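> Sharing final-v2.pdb, PDB, C-alpha atoms:
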ATOM      1  CA  MET P  39    -150.880-149.792 -12.062
ATOM      2  CA  SER P  40    -154.229-150.406 -10.450
ATOM      3  CA  ARG P  41    -152.386-151.583  -7.334
ATOM      4  CA  SER P  42    -152.077-147.992  -6.155
ATOM      5  CA  ARG P  43    -155.818-147.857  -5.441
ATOM      6  CA  SER P  44    -155.754-150.629  -2.874
ATOM      7  CA  ALA P  45    -152.722-149.030  -1.281
ATOM      8  CA  VAL P  46    -154.836-146.096  -0.049
ATOM      9  CA  ASP P  47    -154.762-146.226   3.720
ATOM     10  CA  PRO P  48    -158.390-146.767   4.816
ATOM     11  CA  LYS P  49    -157.750-144.711   7.956
ATOM     12  CA  ARG P  50    -156.938-141.548   6.012
ATOM     13  CA  VAL P  51    -159.813-139.304   5.118
ATOM     14  CA  SER P  52    -159.736-136.398   2.710
ATOM     15  CA  SER P  53    -159.259-133.132   4.539
ATOM     16  CA  GLU P  54    -162.125-131.584   2.615
ATOM     17  CA  LEU P  55    -164.488-134.232   3.890
ATOM     18  CA  PHE P  56    -163.249-133.547   7.395
ATOM     19  CA  SER P  57    -163.733-129.773   7.066
ATOM     20  CA  LEU P  58    -167.170-130.226   5.561
ATOM     21  CA  THR P  59    -168.216-132.655   8.293
ATOM     22  CA  TYR P  60    -167.071-130.325  11.036
ATOM     23  CA  GLY P  61    -168.741-127.410   9.275
ATOM     24  CA  CYS P  62    -172.066-129.202   9.013
ATOM     25  CA  MET P  63    -171.854-130.043  12.675
ATOM     26  CA  VAL P  64    -171.267-126.431  13.720
ATOM     27  CA  ALA P  65    -174.020-125.200  11.384
ATOM     28  CA  GLN P  66    -176.431-127.722  12.834
ATOM     29  CA  LEU P  67    -175.481-126.785  16.409
ATOM     30  CA  LEU P  68    -176.133-123.178  15.529
ATOM     31  CA  LYS P  69    -179.556-124.067  14.158
ATOM     32  CA  ASP P  70    -180.410-126.171  17.191
ATOM     33  CA  PHE P  71    -179.176-123.852  19.932
ATOM     34  CA  GLU P  72    -179.509-120.534  18.088
ATOM     35  CA  ASN P  73    -177.300-118.840  20.673
ATOM     36  CA  PRO P  74    -173.625-118.671  19.600
ATOM     37  CA  GLU P  75    -172.426-118.614  23.227
ATOM     38  CA  GLU P  76    -174.233-121.863  23.856
ATOM     39  CA  VAL P  77    -172.677-123.347  20.741
ATOM     40  CA  ASN P  78    -169.236-122.351  22.034
ATOM     41  CA  LYS P  79    -169.944-124.245  25.242
ATOM     42  CA  GLN P  80    -171.195-127.296  23.375
ATOM     43  CA  LEU P  81    -168.117-127.355  21.150
ATOM     44  CA  ASP P  82    -165.917-127.135  24.238
ATOM     45  CA  THR P  83    -167.755-130.041  25.882
ATOM     46  CA  MET P  84    -167.519-132.137  22.734
ATOM     47  CA  GLY P  85    -163.845-131.312  22.494
ATOM     48  CA  TYR P  86    -163.340-132.305  26.115
ATOM     49  CA  ASN P  87    -164.894-135.716  25.472
ATOM     50  CA  ILE P  88    -162.647-136.169  22.469
ATOM     51  CA  GLY P  89    -159.564-135.038  24.385
ATOM     52  CA  VAL P  90    -159.911-137.476  27.261
ATOM     53  CA  ARG P  91    -159.913-140.337  24.768
ATOM     54  CA  LEU P  92    -157.437-138.920  22.333
ATOM     55  CA  ILE P  93    -154.631-138.624  24.869
ATOM     56  CA  ASP P  94    -154.290-142.396  25.187
ATOM     57  CA  ASP P  95    -154.096-142.816  21.435
ATOM     58  CA  PHE P  96    -151.494-140.069  21.259
ATOM     59  CA  LEU P  97    -149.310-141.472  24.024
ATOM     60  CA  ALA P  98    -149.562-144.966  22.577
ATOM     61  CA  HIS P  99    -148.313-143.776  19.201
ATOM     62  CA  THR P 100    -145.498-141.608  20.494
ATOM     63  CA  PRO P 101    -143.322-143.729  22.779
ATOM     64  CA  SER P 102    -140.662-141.032  22.774
ATOM     65  CA  VAL P 103    -142.849-138.732  24.837
ATOM     66  CA  THR P 104    -142.141-138.891  28.553
ATOM     67  CA  ARG P 105    -143.642-137.126  31.532
ATOM     68  CA  CYS P 106    -143.288-133.383  31.193
ATOM     69  CA  THR P 107    -141.831-131.382  34.011
ATOM     70  CA  THR P 108    -142.380-127.876  32.732
ATOM     71  CA  LEU P 109    -145.123-126.078  30.864
ATOM     72  CA  GLU P 110    -142.653-125.324  28.096
ATOM     73  CA  GLU P 111    -142.203-129.014  27.465
ATOM     74  CA  VAL P 112    -145.964-129.427  27.369
ATOM     75  CA  ALA P 113    -146.293-126.634  24.820
ATOM     76  CA  GLU P 114    -143.542-128.115  22.698
ATOM     77  CA  ILE P 115    -145.025-131.600  22.605
ATOM     78  CA  LEU P 116    -148.552-130.262  22.129
ATOM     79  CA  CYS P 117    -147.571-128.336  19.032
ATOM     80  CA  LYS P 118    -144.862-130.386  17.418
ATOM     81  CA  GLN P 119    -146.408-133.779  18.000
ATOM     82  CA  GLY P 120    -150.008-133.544  19.143
ATOM     83  CA  PHE P 121    -151.294-131.065  16.597
ATOM     84  CA  LYS P 122    -149.080-132.527  13.906
ATOM     85  CA  MET P 123    -150.445-136.011  14.434
ATOM     86  CA  PHE P 124    -154.121-135.157  14.450
ATOM     87  CA  LEU P 125    -154.538-132.005  12.417
ATOM     88  CA  GLY P 126    -151.410-132.042  10.321
ATOM     89  CA  ILE P 127    -150.393-128.555  11.397
ATOM     90  CA  VAL P 128    -147.766-127.196  13.761
ATOM     91  CA  PRO P 129    -148.931-124.082  15.599
ATOM     92  CA  GLU P 130    -146.467-121.535  16.870
ATOM     93  CA  VAL P 131    -145.962-121.028  20.580
ATOM     94  CA  ARG P 132    -145.879-117.374  21.536
ATOM     95  CA  ASN P 133    -146.602-114.785  24.174
ATOM     96  CA  TRP P 134    -145.228-116.476  27.233
ATOM     97  CA  SER P 135    -146.329-114.667  30.357
ATOM     98  CA  ALA P 136    -143.712-113.407  32.814
ATOM     99  CA  SER P 137    -144.483-116.155  35.303
ATOM    100  CA  LYS P 138    -144.352-118.779  32.545
ATOM    101  CA  ASP P 139    -147.791-120.098  33.381
ATOM    102  CA  LYS P 140    -149.571-118.855  30.279
ATOM    103  CA  PHE P 141    -148.814-119.074  26.584
ATOM    104  CA  SER P 142    -150.512-118.723  23.232
ATOM    105  CA  LEU P 143    -150.768-121.029  20.291
ATOM    106  CA  VAL P 144    -150.973-119.317  16.952
ATOM    107  CA  ILE P 145    -152.453-121.359  14.131
ATOM    108  CA  SER P 146    -151.612-120.118  10.669
ATOM    109  CA  GLU P 147    -153.706-122.485   8.550
ATOM    110  CA  ASN P 148    -156.735-123.909  10.271
ATOM    111  CA  PRO P 149    -157.874-127.066   8.460
ATOM    112  CA  LEU P 150    -161.256-126.949  10.196
ATOM    113  CA  ALA P 151    -162.106-123.552   8.780
ATOM    114  CA  GLU P 152    -161.561-124.040   5.080
ATOM    115  CA  TYR P 153    -164.241-122.370   2.956
ATOM    116  CA  VAL P 154    -165.952-121.011   6.057
ATOM    117  CA  GLU P 155    -167.491-117.578   6.288
ATOM    118  CA  LEU P 156    -169.305-116.768   9.494
ATOM    119  CA  PRO P 157    -172.875-115.527   9.188
ATOM    120  CA  PRO P 158    -173.246-111.899  10.335
ATOM    121  CA  HIS P 159    -175.287-112.629  13.471
ATOM    122  CA  CYS P 160    -172.537-114.622  15.117
ATOM    123  CA  GLN P 161    -169.610-112.771  13.614
ATOM    124  CA  ASP P 162    -168.592-111.462  17.039
ATOM    125  CA  THR P 163    -169.577-114.260  19.360
ATOM    126  CA  LEU P 164    -168.955-117.658  17.805
ATOM    127  CA  TRP P 165    -165.572-119.326  18.160
ATOM    128  CA  TYR P 166    -165.820-121.673  15.210
ATOM    129  CA  SER P 167    -162.974-124.000  16.163
ATOM    130  CA  ASN P 168    -163.719-124.064  19.874
ATOM    131  CA  ILE P 169    -163.635-127.836  19.803
ATOM    132  CA  ILE P 170    -159.839-127.595  19.792
ATOM    133  CA  CYS P 171    -159.891-125.846  23.181
ATOM    134  CA  GLY P 172    -161.957-128.658  24.607
ATOM    135  CA  VAL P 173    -159.605-131.288  23.214
ATOM    136  CA  ILE P 174    -156.561-129.645  24.758
ATOM    137  CA  ARG P 175    -158.283-129.231  28.106
ATOM    138  CA  GLY P 176    -159.532-132.828  28.162
ATOM    139  CA  ALA P 177    -156.266-134.354  27.063
ATOM    140  CA  LEU P 178    -154.186-132.436  29.602
ATOM    141  CA  GLU P 179    -156.629-133.236  32.376
ATOM    142  CA  MET P 180    -155.960-136.922  31.802
ATOM    143  CA  VAL P 181    -152.302-136.316  32.454
ATOM    144  CA  GLN P 182    -153.101-134.565  35.694
ATOM    145  CA  MET P 183    -152.816-131.039  34.420
ATOM    146  CA  ASP P 184    -155.637-128.557  34.875
ATOM    147  CA  VAL P 185    -155.557-125.829  32.247
ATOM    148  CA  LYS P 186    -157.867-123.131  31.020
ATOM    149  CA  CYS P 187    -158.003-122.993  27.266
ATOM    150  CA  THR P 188    -159.730-120.230  25.327
ATOM    151  CA  PHE P 189    -159.696-118.595  21.944
ATOM    152  CA  VAL P 190    -158.504-115.001  21.889
ATOM    153  CA  GLY P 191    -158.606-114.385  18.167
ATOM    154  CA  ASP P 192    -159.814-115.969  14.971
ATOM    155  CA  THR P 193    -159.204-114.985  11.353
ATOM    156  CA  LEU P 194    -162.814-115.954  10.645
ATOM    157  CA  ARG P 195    -163.850-113.119  12.940
ATOM    158  CA  GLY P 196    -161.591-110.649  11.245
ATOM    159  CA  ASN P 197    -158.768-110.793  13.802
ATOM    160  CA  ASP P 198    -155.170-110.836  12.641
ATOM    161  CA  SER P 199    -154.509-114.389  13.709
ATOM    162  CA  THR P 200    -156.137-117.504  15.054
ATOM    163  CA  GLU P 201    -154.839-117.678  18.588
ATOM    164  CA  ILE P 202    -155.582-119.942  21.562
ATOM    165  CA  GLU P 203    -154.510-118.957  25.047
ATOM    166  CA  ILE P 204    -153.583-121.748  27.425
ATOM    167  CA  LYS P 205    -153.280-120.948  31.112
ATOM    168  CA  PHE P 206    -151.929-123.405  33.612
ATOM    169  CA  VAL P 207    -154.119-123.691  36.699
ATOM    170  CA  LYS P 208    -152.812-126.554  38.808
ATOM    171  CA  ILE P 209    -151.560-130.094  38.908
ATOM    172  CA  LEU P 210    -154.358-132.482  39.709
ATOM    173  CA  GLU P 211    -153.589-134.800  42.575
ATOM    174  CA  ASP P 212    -154.876-138.300  42.392
ATOM    175  CA  SER P 213    -157.776-138.266  44.752
ATOM    176  CA  LEU P 214    -160.163-140.939  45.922
ATOM    177  CA  PRO P 215    -163.544-140.792  44.250
ATOM    178  CA  ALA P 216    -166.145-138.990  46.315
ATOM    179  CA  GLY P 217    -167.808-141.258  48.834
ATOM    180  CA  GLU P 218    -164.905-143.581  49.449
ATOM    181  CA  ASP P 219    -162.672-143.113  52.427
TER     182      ASP P 219
ATOM    183  CA  ALA N 132    -163.404 -99.745 -28.793
ATOM    184  CA  VAL N 133    -160.121 -99.389 -26.944
ATOM    185  CA  VAL N 134    -157.742-102.321 -26.884
ATOM    186  CA  SER N 135    -156.229-102.875 -23.467
ATOM    187  CA  THR N 136    -153.762-105.480 -22.273
ATOM    188  CA  GLN N 137    -154.754-107.367 -19.161
ATOM    189  CA  SER N 138    -152.200-108.561 -16.652
ATOM    190  CA  THR N 139    -152.464-112.058 -18.087
ATOM    191  CA  GLY N 140    -150.890-110.796 -21.283
ATOM    192  CA  ARG N 141    -153.965-111.328 -23.393
ATOM    193  CA  SER N 142    -155.558-108.284 -24.923
ATOM    194  CA  LEU N 143    -159.278-107.928 -24.589
ATOM    195  CA  THR N 144    -161.366-105.393 -26.379
ATOM    196  CA  ASN N 145    -162.600-102.890 -23.863
ATOM    197  CA  MET N 146    -166.316-102.744 -24.439
ATOM    198  CA  SER N 147    -168.632-100.339 -22.754
ATOM    199  CA  GLY N 148    -171.827-102.231 -22.642
ATOM    200  CA  ASN N 149    -174.761-102.746 -20.388
ATOM    201  CA  TYR N 150    -175.157-106.076 -18.765
ATOM    202  CA  TYR N 151    -177.254-107.973 -16.292
ATOM    203  CA  PHE N 152    -175.911-111.034 -14.531
ATOM    204  CA  VAL N 153    -178.009-113.387 -12.452
ATOM    205  CA  ILE N 154    -177.558-116.736 -10.765
ATOM    206  CA  VAL N 155    -180.824-118.651 -10.788
ATOM    207  CA  GLY N 156    -181.568-121.410  -8.295
ATOM    208  CA  HIS N 157    -183.556-124.566  -8.579
ATOM    209  CA  HIS N 158    -186.883-122.890  -7.925
ATOM    210  CA  ASP N 159    -186.264-120.277 -10.620
ATOM    211  CA  ASN N 160    -185.411-117.835  -7.842
ATOM    212  CA  PRO N 161    -182.582-115.323  -8.289
ATOM    213  CA  ILE N 162    -179.776-116.071  -5.871
ATOM    214  CA  TYR N 163    -177.477-113.282  -6.924
ATOM    215  CA  GLU N 164    -177.852-110.333  -9.256
ATOM    216  CA  GLN N 165    -175.417-107.781 -10.600
ATOM    217  CA  GLU N 166    -175.996-105.283 -13.333
ATOM    218  CA  HIS N 167    -174.614-102.287 -15.090
ATOM    219  CA  CYS N 168    -176.801 -99.768 -16.815
ATOM    220  CA  SER N 169    -175.558 -96.582 -18.392
ATOM    221  CA  ARG N 170    -178.963 -95.018 -18.390
ATOM    222  CA  ASP N 171    -179.640 -92.376 -15.748
ATOM    223  CA  GLY N 172    -182.573 -91.863 -13.460
ATOM    224  CA  GLN N 173    -183.791 -94.145 -10.722
ATOM    225  CA  SER N 174    -187.077 -95.065 -12.389
ATOM    226  CA  LYS N 175    -185.211 -96.002 -15.549
ATOM    227  CA  LYS N 176    -182.918 -98.190 -13.469
ATOM    228  CA  ASP N 177    -185.873 -99.947 -11.856
ATOM    229  CA  ASP N 178    -187.515-100.499 -15.242
ATOM    230  CA  TYR N 179    -184.218-101.786 -16.547
ATOM    231  CA  ARG N 180    -183.889-104.289 -13.770
ATOM    232  CA  ASP N 181    -187.493-105.452 -14.086
ATOM    233  CA  LEU N 182    -187.104-105.932 -17.808
ATOM    234  CA  CYS N 183    -183.870-107.828 -17.298
ATOM    235  CA  GLN N 184    -185.466-110.142 -14.797
ATOM    236  CA  PHE N 185    -188.305-110.754 -17.212
ATOM    237  CA  VAL N 186    -186.003-111.542 -20.120
ATOM    238  CA  ALA N 187    -183.814-113.787 -17.998
ATOM    239  CA  HIS N 188    -186.811-115.653 -16.673
ATOM    240  CA  ALA N 189    -188.178-116.118 -20.168
ATOM    241  CA  SER N 190    -184.879-117.581 -21.300
ATOM    242  CA  LEU N 191    -184.998-120.315 -18.663
ATOM    243  CA  ASP N 192    -187.073-122.493 -20.970
ATOM    244  CA  MET N 193    -184.541-122.224 -23.771
ATOM    245  CA  ILE N 194    -181.777-123.018 -21.312
ATOM    246  CA  GLY N 195    -183.695-126.031 -20.107
ATOM    247  CA  GLU N 196    -183.851-127.339 -23.665
ATOM    248  CA  HIS N 197    -180.288-126.478 -24.626
ATOM    249  CA  MET N 198    -178.607-128.002 -21.643
ATOM    250  CA  TRP N 199    -179.456-131.505 -22.733
ATOM    251  CA  THR N 200    -177.983-131.021 -26.206
ATOM    252  CA  THR N 201    -174.420-130.437 -25.094
ATOM    253  CA  ASN N 202    -171.832-131.842 -22.710
ATOM    254  CA  SER N 203    -170.287-128.538 -21.811
ATOM    255  CA  MET N 204    -171.570-126.260 -19.082
ATOM    256  CA  TYR N 205    -171.208-123.108 -21.169
ATOM    257  CA  LEU N 206    -174.207-122.800 -23.449
ATOM    258  CA  LYS N 207    -173.186-119.662 -25.360
ATOM    259  CA  ILE N 208    -176.068-117.563 -26.623
ATOM    260  CA  VAL N 209    -179.384-119.275 -26.023
ATOM    261  CA  ASP N 210    -181.848-116.506 -26.680
ATOM    262  CA  LYS N 211    -182.217-112.998 -28.053
ATOM    263  CA  PHE N 212    -184.524-110.168 -27.108
ATOM    264  CA  ASN N 213    -184.407-106.994 -29.224
ATOM    265  CA  ASP N 214    -180.787-105.879 -28.741
ATOM    266  CA  TRP N 215    -180.062-108.226 -25.895
ATOM    267  CA  ASN N 216    -178.226-111.491 -26.178
ATOM    268  CA  VAL N 217    -178.727-114.045 -23.461
ATOM    269  CA  SER N 218    -175.756-116.244 -22.639
ATOM    270  CA  ALA N 219    -176.022-119.056 -20.168
ATOM    271  CA  PHE N 220    -173.880-121.429 -18.163
ATOM    272  CA  VAL N 221    -175.353-124.370 -16.314
ATOM    273  CA  THR N 222    -173.365-125.615 -13.331
ATOM    274  CA  ALA N 223    -172.984-129.227 -12.325
ATOM    275  CA  GLY N 224    -175.539-128.617  -9.572
ATOM    276  CA  LYS N 225    -177.991-127.232 -12.131
ATOM    277  CA  GLN N 226    -177.661-123.640 -11.006
ATOM    278  CA  ARG N 227    -178.054-121.341 -13.987
ATOM    279  CA  LEU N 228    -175.712-118.435 -14.568
ATOM    280  CA  ILE N 229    -177.264-116.011 -17.025
ATOM    281  CA  ILE N 230    -175.891-112.864 -18.588
ATOM    282  CA  LEU N 231    -177.870-110.389 -20.644
ATOM    283  CA  HIS N 232    -175.491-108.402 -22.795
ATOM    284  CA  ASP N 233    -175.628-106.308 -25.894
ATOM    285  CA  ILE N 234    -172.088-106.781 -27.103
ATOM    286  CA  LYS N 235    -171.073-110.219 -28.283
ATOM    287  CA  ASN N 236    -167.813-111.277 -26.738
ATOM    288  CA  GLU N 237    -167.847-115.006 -26.343
ATOM    289  CA  ASP N 238    -164.357-115.394 -24.937
ATOM    290  CA  SER N 239    -164.770-112.824 -22.218
ATOM    291  CA  ILE N 240    -168.111-114.235 -21.257
ATOM    292  CA  ARG N 241    -166.832-117.770 -21.125
ATOM    293  CA  GLN N 242    -163.939-116.763 -18.883
ATOM    294  CA  PHE N 243    -166.268-114.748 -16.717
ATOM    295  CA  PHE N 244    -168.566-117.731 -16.283
ATOM    296  CA  GLN N 245    -165.663-119.998 -15.382
ATOM    297  CA  GLU N 246    -164.380-117.669 -12.722
ATOM    298  CA  VAL N 247    -167.779-116.945 -11.236
ATOM    299  CA  TYR N 248    -168.419-120.675 -11.170
ATOM    300  CA  GLU N 249    -165.313-121.183  -9.066
ATOM    301  CA  LEU N 250    -166.356-118.401  -6.714
ATOM    302  CA  TYR N 251    -169.779-119.982  -6.475
ATOM    303  CA  ILE N 252    -168.311-123.370  -5.588
ATOM    304  CA  ARG N 253    -166.308-121.754  -2.858
ATOM    305  CA  THR N 254    -169.423-120.105  -1.445
ATOM    306  CA  ALA N 255    -171.407-123.324  -1.687
ATOM    307  CA  MET N 256    -168.758-125.107   0.378
ATOM    308  CA  ASN N 257    -169.391-122.713   3.243
ATOM    309  CA  PRO N 258    -171.235-124.785   5.852
ATOM    310  CA  PHE N 259    -173.346-121.783   6.826
ATOM    311  CA  TYR N 260    -174.660-121.230   3.322
ATOM    312  CA  GLU N 261    -177.987-122.877   2.464
ATOM    313  CA  PRO N 262    -178.124-123.845  -1.203
ATOM    314  CA  ASN N 263    -180.721-121.990  -3.270
ATOM    315  CA  THR N 264    -180.824-119.064  -0.872
ATOM    316  CA  PRO N 265    -179.626-115.552  -1.783
ATOM    317  CA  ILE N 266    -175.863-115.147  -1.466
ATOM    318  CA  GLN N 267    -175.183-112.524   1.188
ATOM    319  CA  SER N 268    -171.439-112.833   1.394
ATOM    320  CA  GLN N 269    -169.668-109.519   0.927
ATOM    321  CA  ALA N 270    -166.500-111.283  -0.133
ATOM    322  CA  PHE N 271    -168.332-112.991  -2.984
ATOM    323  CA  HIS N 272    -169.976-109.734  -4.008
ATOM    324  CA  GLN N 273    -166.684-107.832  -4.144
ATOM    325  CA  LYS N 274    -164.974-110.501  -6.182
ATOM    326  CA  VAL N 275    -167.838-110.726  -8.669
ATOM    327  CA  LYS N 276    -167.780-106.939  -9.037
ATOM    328  CA  VAL N 277    -164.116-107.138  -9.960
ATOM    329  CA  LEU N 278    -164.812-109.870 -12.492
ATOM    330  CA  CYS N 279    -167.663-107.899 -14.017
ATOM    331  CA  ARG N 280    -165.425-104.906 -14.442
ATOM    332  CA  ARG N 281    -162.752-107.045 -16.027
ATOM    333  CA  TYR N 282    -164.840-109.070 -18.433
ATOM    334  CA  LEU N 283    -168.182-107.441 -19.010
ATOM    335  CA  ILE N 284    -167.712-103.719 -19.246
TER     336      ILE N 284
END
Could you quickly redo this structure as structure tokens?

Amino acid sequence: MSRSRSAVDPKRVSSELFSLTYGCMVAQLLKDFENPEEVNKQLDTMGYNIGVRLIDDFLAHTPSVTRCTTLEEVAEILCKQGFKMFLGIVPEVRNWSASKDKFSLVISENPLAEYVELPPHCQDTLWYSNIICGVIRGALEMVQMDVKCTFVGDTLRGNDSTEIEIKFVKILEDSLPAGED
Amino acid sequence: AVVSTQSTGRSLTNMSGNYYFVIVGHHDNPIYEQEHCSRDGQSKKDDYRDLCQFVAHASLDMIGEHMWTTNSMYLKIVDKFNDWNVSAFVTAGKQRLIILHDIKNEDSIRQFFQEVYELYIRTAMNPFYEPNTPIQSQAFHQKVKVLCRRYLI
């Protein structure tokens, strides 16, 4: 009967606590930097730092994932496994470009943005969940893929859907660090 | 009074009354106000609002006393002023929801308080909202207007 309490996995945190924590962080960034564009950049940088570390954790916990050869495979694994593992959601992959180097992720229920209403002065400039873009960019960079990741729509801003556009830039070659020959 | 059936299946007496609803913060400051006055004329409306604020403020003392006597958040009628009844609801965070109304309808008022409380919680969870500051959210305002129309008029 009281056993069930100790069975709570200490690594799981309530999603409300997570949303509130992220929300406080964005609100504080907004107070500190005052400029929503600057906050977007900061969120992207923070996301990047998270992404470069997260990728190892992800690959360690999903032995079934092998090296991807196409961008479609990347999109598939990103959505069905990456997002599922860390945010508990599976975004939809849409809007493939003709040359197959660009696609969009559409998020239907964003766990970061629960209860959030943007203040009027940053209604048109702040990308609230921009940290996700940074995470994707950082994680893919660690597997030698250079991508550009940006938000193109957010339900918090009044758009129809929360959509991230991911554009493939190039494969990163392993190069010697600058200075060595 | 016309009896009308709400979508929930319950029938509530349709009352046409005046009311004044205010959410009061910790520093006795109004965070949100909504009112309905059937009197015409702008100056009358301003007087009405000033009087309402005065009555609500005066009732804060009674609310302060009453809230320690009961476990529930809904305090029913705590004060009277001429024709006005003052009903109050104290939230867990000690925000006071006050309604000035002339028609006694305890059930409607209790339901109204419950629903506004839930809307308030939702607003308070917004990371961009500072507690004890005026609520600017249009979404909140629209929803409260709907509730007022449903329960208070």
> Could you state which residues are captured by the PyMOL selection byres ((chain N) within 6 of (chain P)) in this file, as an MDAnalysis selection string?
chainID N and resid 256:259
> Could you tell me how far CA of Gln182 in chain P lies from CA of Leu210 in chain P, in Å and to one decimal?
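CA of Gln182 in chain P sits 4.7 Å away from CA of Leu210 in chain P.
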> Identify, on the basis of only C-alpha atoms, every residue whose closest approach to Asn87 in chain P does not exceed 9 Å; exclude the query and any residue fewer than 6 positions from it along the same chain; express the result as a list in words.
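Answer for this query is Gly172, Val173, Gly176 and Ala177 of chain P.
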> Which value, in Å to one decimal, gives the distance between CA of Asn148 in chain P and CA of Pro101 in chain P?
27.0 Å
> Report, in Å with one decimal, the straight-line distance from CA of Glu201 in chain P to CA of His272 in chain N.
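Straight-line distance from CA of Glu201 in chain P to CA of His272 in chain N works out to 28.3 Å.
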